[in-house]
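*Asks:* Dropping the structure in here first, questions after.
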Amino acid sequence: MNTSVEASVDFKSIEHRDRVKKKVCSFILYTLLTFWGIVVLFPFYWMILTSIKSYGEYNSESVPKFFASDPTIQNYIDAFSSVPLIRYLINTLIFTVVTTALMMVVITLAAFAFARLQFRGKNILFTLFLSLMMIPNELVIITNFTTVTNLNMRNTFLGLILPSVTSVFYIYLLKENFSQVPDTLYYAAKVDGTSDFKYLCRVMIPICRPTLITIAVLKIIECWNSYVWPRLITDQQAYFLVSNGIQEIRENGFGRENIPAMMAAVVVISLPLIILFFIFRNKIMEGVSRGGTKG
């Protein structure tokens, strides 16, 4: 009797210690996550805070304040009236949408070919294809710049778009995702007389939609933040994107001293990407997890 009572007491004691241990671990984990969240989000808070401070208030602060005593939207008005910010946004939207759409077509067809079609030398070709990821991006930029210049495509949307319509990494990611679809579905479709293209559109793409959405969102972010290539290939304001337009704004727009107006322009430029991320955040996580899981 005493033995059973002691065993019951020991079990309850162990269970209590486990609960306490889990609570302590959860507290430490959430504390660290909260701290890291504050560190990550603070630059966005500071950007928005600075954008609603007046030029005089910002320059009069010997020590930066974490609040605005007299908030104003004048900086946002200046962002649209003093510089052609709308033109930069439209140019970036055209560049982003067209580039992403073309790239999705290219990588989807390439990934399907490597994942499902059988042809001689496929594995060797795919290995050579992956080896392109080892080439430094700086060398690719130099080659692309020379090619586009020789084709007289500088200061054109075609010159901006063409070098970005494919990605070895995205082809690899999508190919691994396509490979997870059971082969029996493909063989059954072929027995029914379904063409490869119809099988891709009706079976593969719907099944792998989360990964496709993830790739599209990542490409949109990449295009929207693109700086080096647009800066090299365009020197006319009519073709500036928001990334290199910011430098033009700083040099010939508000001036280097008007930091609040600059921050207002940055907020306007960053807002579409923030909204896009919040809309598709679940799909992005699902697509990344599917792309990195085999079986």
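Following the order of the structure tokens, chains are lettered A, B, ..., residues in each are numbered from 1, and ligands are numbered from 1.
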When DSSP works through the backbone of this structure, what residues of segment 39-115 of chain A end up as helix (DSSP H, G or I), shown as a ChimeraX atom specification?

*Replies:* /A:39-51,55-60,74-81,85-115

*Asks:* For segment 199-207 of chain A, find every residue with an atom within 8 Å (counting only C-alpha atoms), except residues of its own chain fewer than 2 positions away, and show them as a PyMOL selection string.

*Replies:* chain A and resi 112+178+181+186+189+194-197+209+212

*Asks:* Considering only C-alpha atoms, can you say which of A:Ser167, A:Thr149, A:Gln74, A:Asn155 comes closest to Arg231 of chain A?

*Replies:* A:Asn155

*Asks:* For Arg87 of chain A, which of A:Leu241, A:Phe277, A:Asp18, A:Leu29 is the closest residue, counting only C-alpha atoms?

*Replies:*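 Nearest candidate to Arg87 of chain A out of A:Leu241, A:Phe277, A:Asp18, A:Leu29: A:Leu241.
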
*Asks:* Can you measure atom CA of Lys175 of chain A to atom CA of Phe114 of chain A for me? One decimal in Å is fine.

*Replies:*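 Atom-to-atom, atom CA of Lys175 of chain A to atom CA of Phe114 of chain A, that is 6.6 Å.
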
*Asks:* Go through A:Thr156, A:Asn144, A:Ser54, A:Asn177 one by one, measure the shortest atom-to-atom distance of each to Asp70 of chain A using only C-alpha atoms, and give the residue with the smallest value.

*Replies:*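 Among A:Thr156, A:Asn144, A:Ser54, A:Asn177, it is A:Ser54 that comes nearest to Asp70 of chain A.
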
*Asks:* Of the candidates A:Ile279, A:Ile274, A:Ile48, A:Ala113, which shows the shortest atom-to-atom distance to Ser179 of chain A, using only C-alpha atoms?

*Replies:* A:Ala113

*Asks:* Which one of A:Gln180, A:Asn137, A:Thr96, A:Gln237 sits closest to Ile220 of chain A if you count only C-alpha atoms?

*Replies:*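 With only C-alpha atoms as the atom set, the closest residue is A:Thr96.
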
*Asks:* I want to know what sits within 8 Å of segment 130-133 of chain A, based on only C-alpha atoms, with residues of the same chain fewer than 6 positions away left out; could you give that as an MDAnalysis selection string?

*Replies:* chainID A and resid 168:169 172

*Asks:* So, with only C-alpha atoms as the atoms that count, which of A:Ala261, A:Met104, A:Ile161, A:Ile135 lies closest to Thr50 of chain A?

*Replies:*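 Ranking A:Ala261, A:Met104, A:Ile161, A:Ile135 by distance to Thr50 of chain A, first place goes to A:Ala261.
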
*Asks:* Could you tell me how far atom CA of Asn150 of chain A sits from atom CA of Thr166 of chain A, in Å to one decimal place?

*Replies:*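 These atoms are spaced 20.9 Å apart.
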
*Asks:* Any idea what's packed within 6 Å of Ala111 of chain A, counting only C-alpha atoms, ignoring anything in its chain fewer than 3 positions away? Could you give it as a list in words?

*Replies:* Ile107, Thr108, Phe114, Ala115, Ile171, Leu174 and Lys175 of chain A

*Asks:* Emit the selected residues as a PDB file, in the first residue's frame, including all heavy atoms.

*Replies:*
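The resulting file, out.pdb, is shown below:
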ATOM      1  N   ILE A 107      10.040  28.896 -65.783  1.00  0.00           N
ATOM      2  CA  ILE A 107      10.482  27.937 -64.769  1.00  0.00           C
ATOM      3  C   ILE A 107       9.498  26.786 -64.620  1.00  0.00           C
ATOM      4  O   ILE A 107       9.904  25.655 -64.311  1.00  0.00           O
ATOM      5  CB  ILE A 107      10.713  28.622 -63.408  1.00  0.00           C
ATOM      6  CG1 ILE A 107       9.399  29.103 -62.796  1.00  0.00           C
ATOM      7  CG2 ILE A 107      11.705  29.767 -63.524  1.00  0.00           C
ATOM      8  CD1 ILE A 107       9.532  29.519 -61.345  1.00  0.00           C
ATOM      9  N   THR A 108       8.211  27.031 -64.862  1.00  0.00           N
ATOM     10  CA  THR A 108       7.231  25.946 -64.765  1.00  0.00           C
ATOM     11  C   THR A 108       7.467  24.915 -65.858  1.00  0.00           C
ATOM     12  O   THR A 108       7.475  23.699 -65.597  1.00  0.00           O
ATOM     13  CB  THR A 108       5.803  26.499 -64.860  1.00  0.00           C
ATOM     14  OG1 THR A 108       5.576  27.429 -63.795  1.00  0.00           O
ATOM     15  CG2 THR A 108       4.781  25.372 -64.745  1.00  0.00           C
ATOM     16  N   PHE A 114      12.258  18.640 -66.389  1.00  0.00           N
ATOM     17  CA  PHE A 114      13.251  17.921 -65.592  1.00  0.00           C
ATOM     18  C   PHE A 114      12.606  16.921 -64.629  1.00  0.00           C
ATOM     19  O   PHE A 114      13.232  15.912 -64.278  1.00  0.00           O
ATOM     20  CB  PHE A 114      14.108  18.908 -64.800  1.00  0.00           C
ATOM     21  CG  PHE A 114      15.139  19.620 -65.620  1.00  0.00           C
ATOM     22  CD1 PHE A 114      15.158  21.004 -65.696  1.00  0.00           C
ATOM     23  CD2 PHE A 114      16.100  18.907 -66.319  1.00  0.00           C
ATOM     24  CE1 PHE A 114      16.115  21.661 -66.450  1.00  0.00           C
ATOM     25  CE2 PHE A 114      17.067  19.558 -67.078  1.00  0.00           C
ATOM     26  CZ  PHE A 114      17.069  20.945 -67.151  1.00  0.00           C
ATOM     27  N   ALA A 115      11.387  17.172 -64.199  1.00  0.00           N
ATOM     28  CA  ALA A 115      10.748  16.304 -63.213  1.00  0.00           C
ATOM     29  C   ALA A 115      10.019  15.124 -63.837  1.00  0.00           C
ATOM     30  O   ALA A 115       9.992  14.027 -63.252  1.00  0.00           O
ATOM     31  CB  ALA A 115       9.773  17.119 -62.361  1.00  0.00           C
ATOM     32  N   ILE A 171      13.814  27.078 -60.491  1.00  0.00           N
ATOM     33  CA  ILE A 171      13.576  25.857 -61.274  1.00  0.00           C
ATOM     34  C   ILE A 171      13.863  24.628 -60.424  1.00  0.00           C
ATOM     35  O   ILE A 171      13.100  23.653 -60.428  1.00  0.00           O
ATOM     36  CB  ILE A 171      14.444  25.858 -62.545  1.00  0.00           C
ATOM     37  CG1 ILE A 171      13.955  26.934 -63.521  1.00  0.00           C
ATOM     38  CG2 ILE A 171      14.419  24.490 -63.232  1.00  0.00           C
ATOM     39  CD1 ILE A 171      14.823  27.091 -64.746  1.00  0.00           C
ATOM     40  N   LEU A 174      11.049  24.225 -57.757  1.00  0.00           N
ATOM     41  CA  LEU A 174       9.802  23.753 -58.343  1.00  0.00           C
ATOM     42  C   LEU A 174       9.941  22.329 -58.866  1.00  0.00           C
ATOM     43  O   LEU A 174       9.001  21.525 -58.778  1.00  0.00           O
ATOM     44  CB  LEU A 174       9.376  24.696 -59.469  1.00  0.00           C
ATOM     45  CG  LEU A 174       7.956  24.517 -60.013  1.00  0.00           C
ATOM     46  CD1 LEU A 174       6.929  24.642 -58.896  1.00  0.00           C
ATOM     47  CD2 LEU A 174       7.673  25.544 -61.100  1.00  0.00           C
ATOM     48  N   LYS A 175      11.104  21.985 -59.393  1.00  0.00           N
ATOM     49  CA  LYS A 175      11.332  20.624 -59.867  1.00  0.00           C
ATOM     50  C   LYS A 175      11.236  19.626 -58.722  1.00  0.00           C
ATOM     51  O   LYS A 175      10.642  18.543 -58.859  1.00  0.00           O
ATOM     52  CB  LYS A 175      12.700  20.557 -60.546  1.00  0.00           C
ATOM     53  CG  LYS A 175      13.047  19.203 -61.150  1.00  0.00           C
ATOM     54  CD  LYS A 175      13.968  18.390 -60.276  1.00  0.00           C
ATOM     55  CE  LYS A 175      14.360  17.085 -60.906  1.00  0.00           C
ATOM     56  NZ  LYS A 175      15.153  16.208 -60.010  1.00  0.00           N
TER      57      LYS A 175
END

*Asks:* Between atom CA of Leu102 of chain A and atom CA of Val165 of chain A, what is the spacing in Å?

*Replies:*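 Taking atom CA of Val165 of chain A as the start and atom CA of Leu102 of chain A as the end point, the length is 5.7 Å.
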
*Asks:* Would you kindly return, as a PyMOL selection string, each protein, DNA or RNA residue with an atom no farther than 8 Å from any atom of segment 262-264 of chain A, considering only C-alpha atoms and excluding same-chain residues fewer than 4 positions away?

*Replies:* chain A and resi 47-48+50-52+75-76+79+249-250+254+258+268
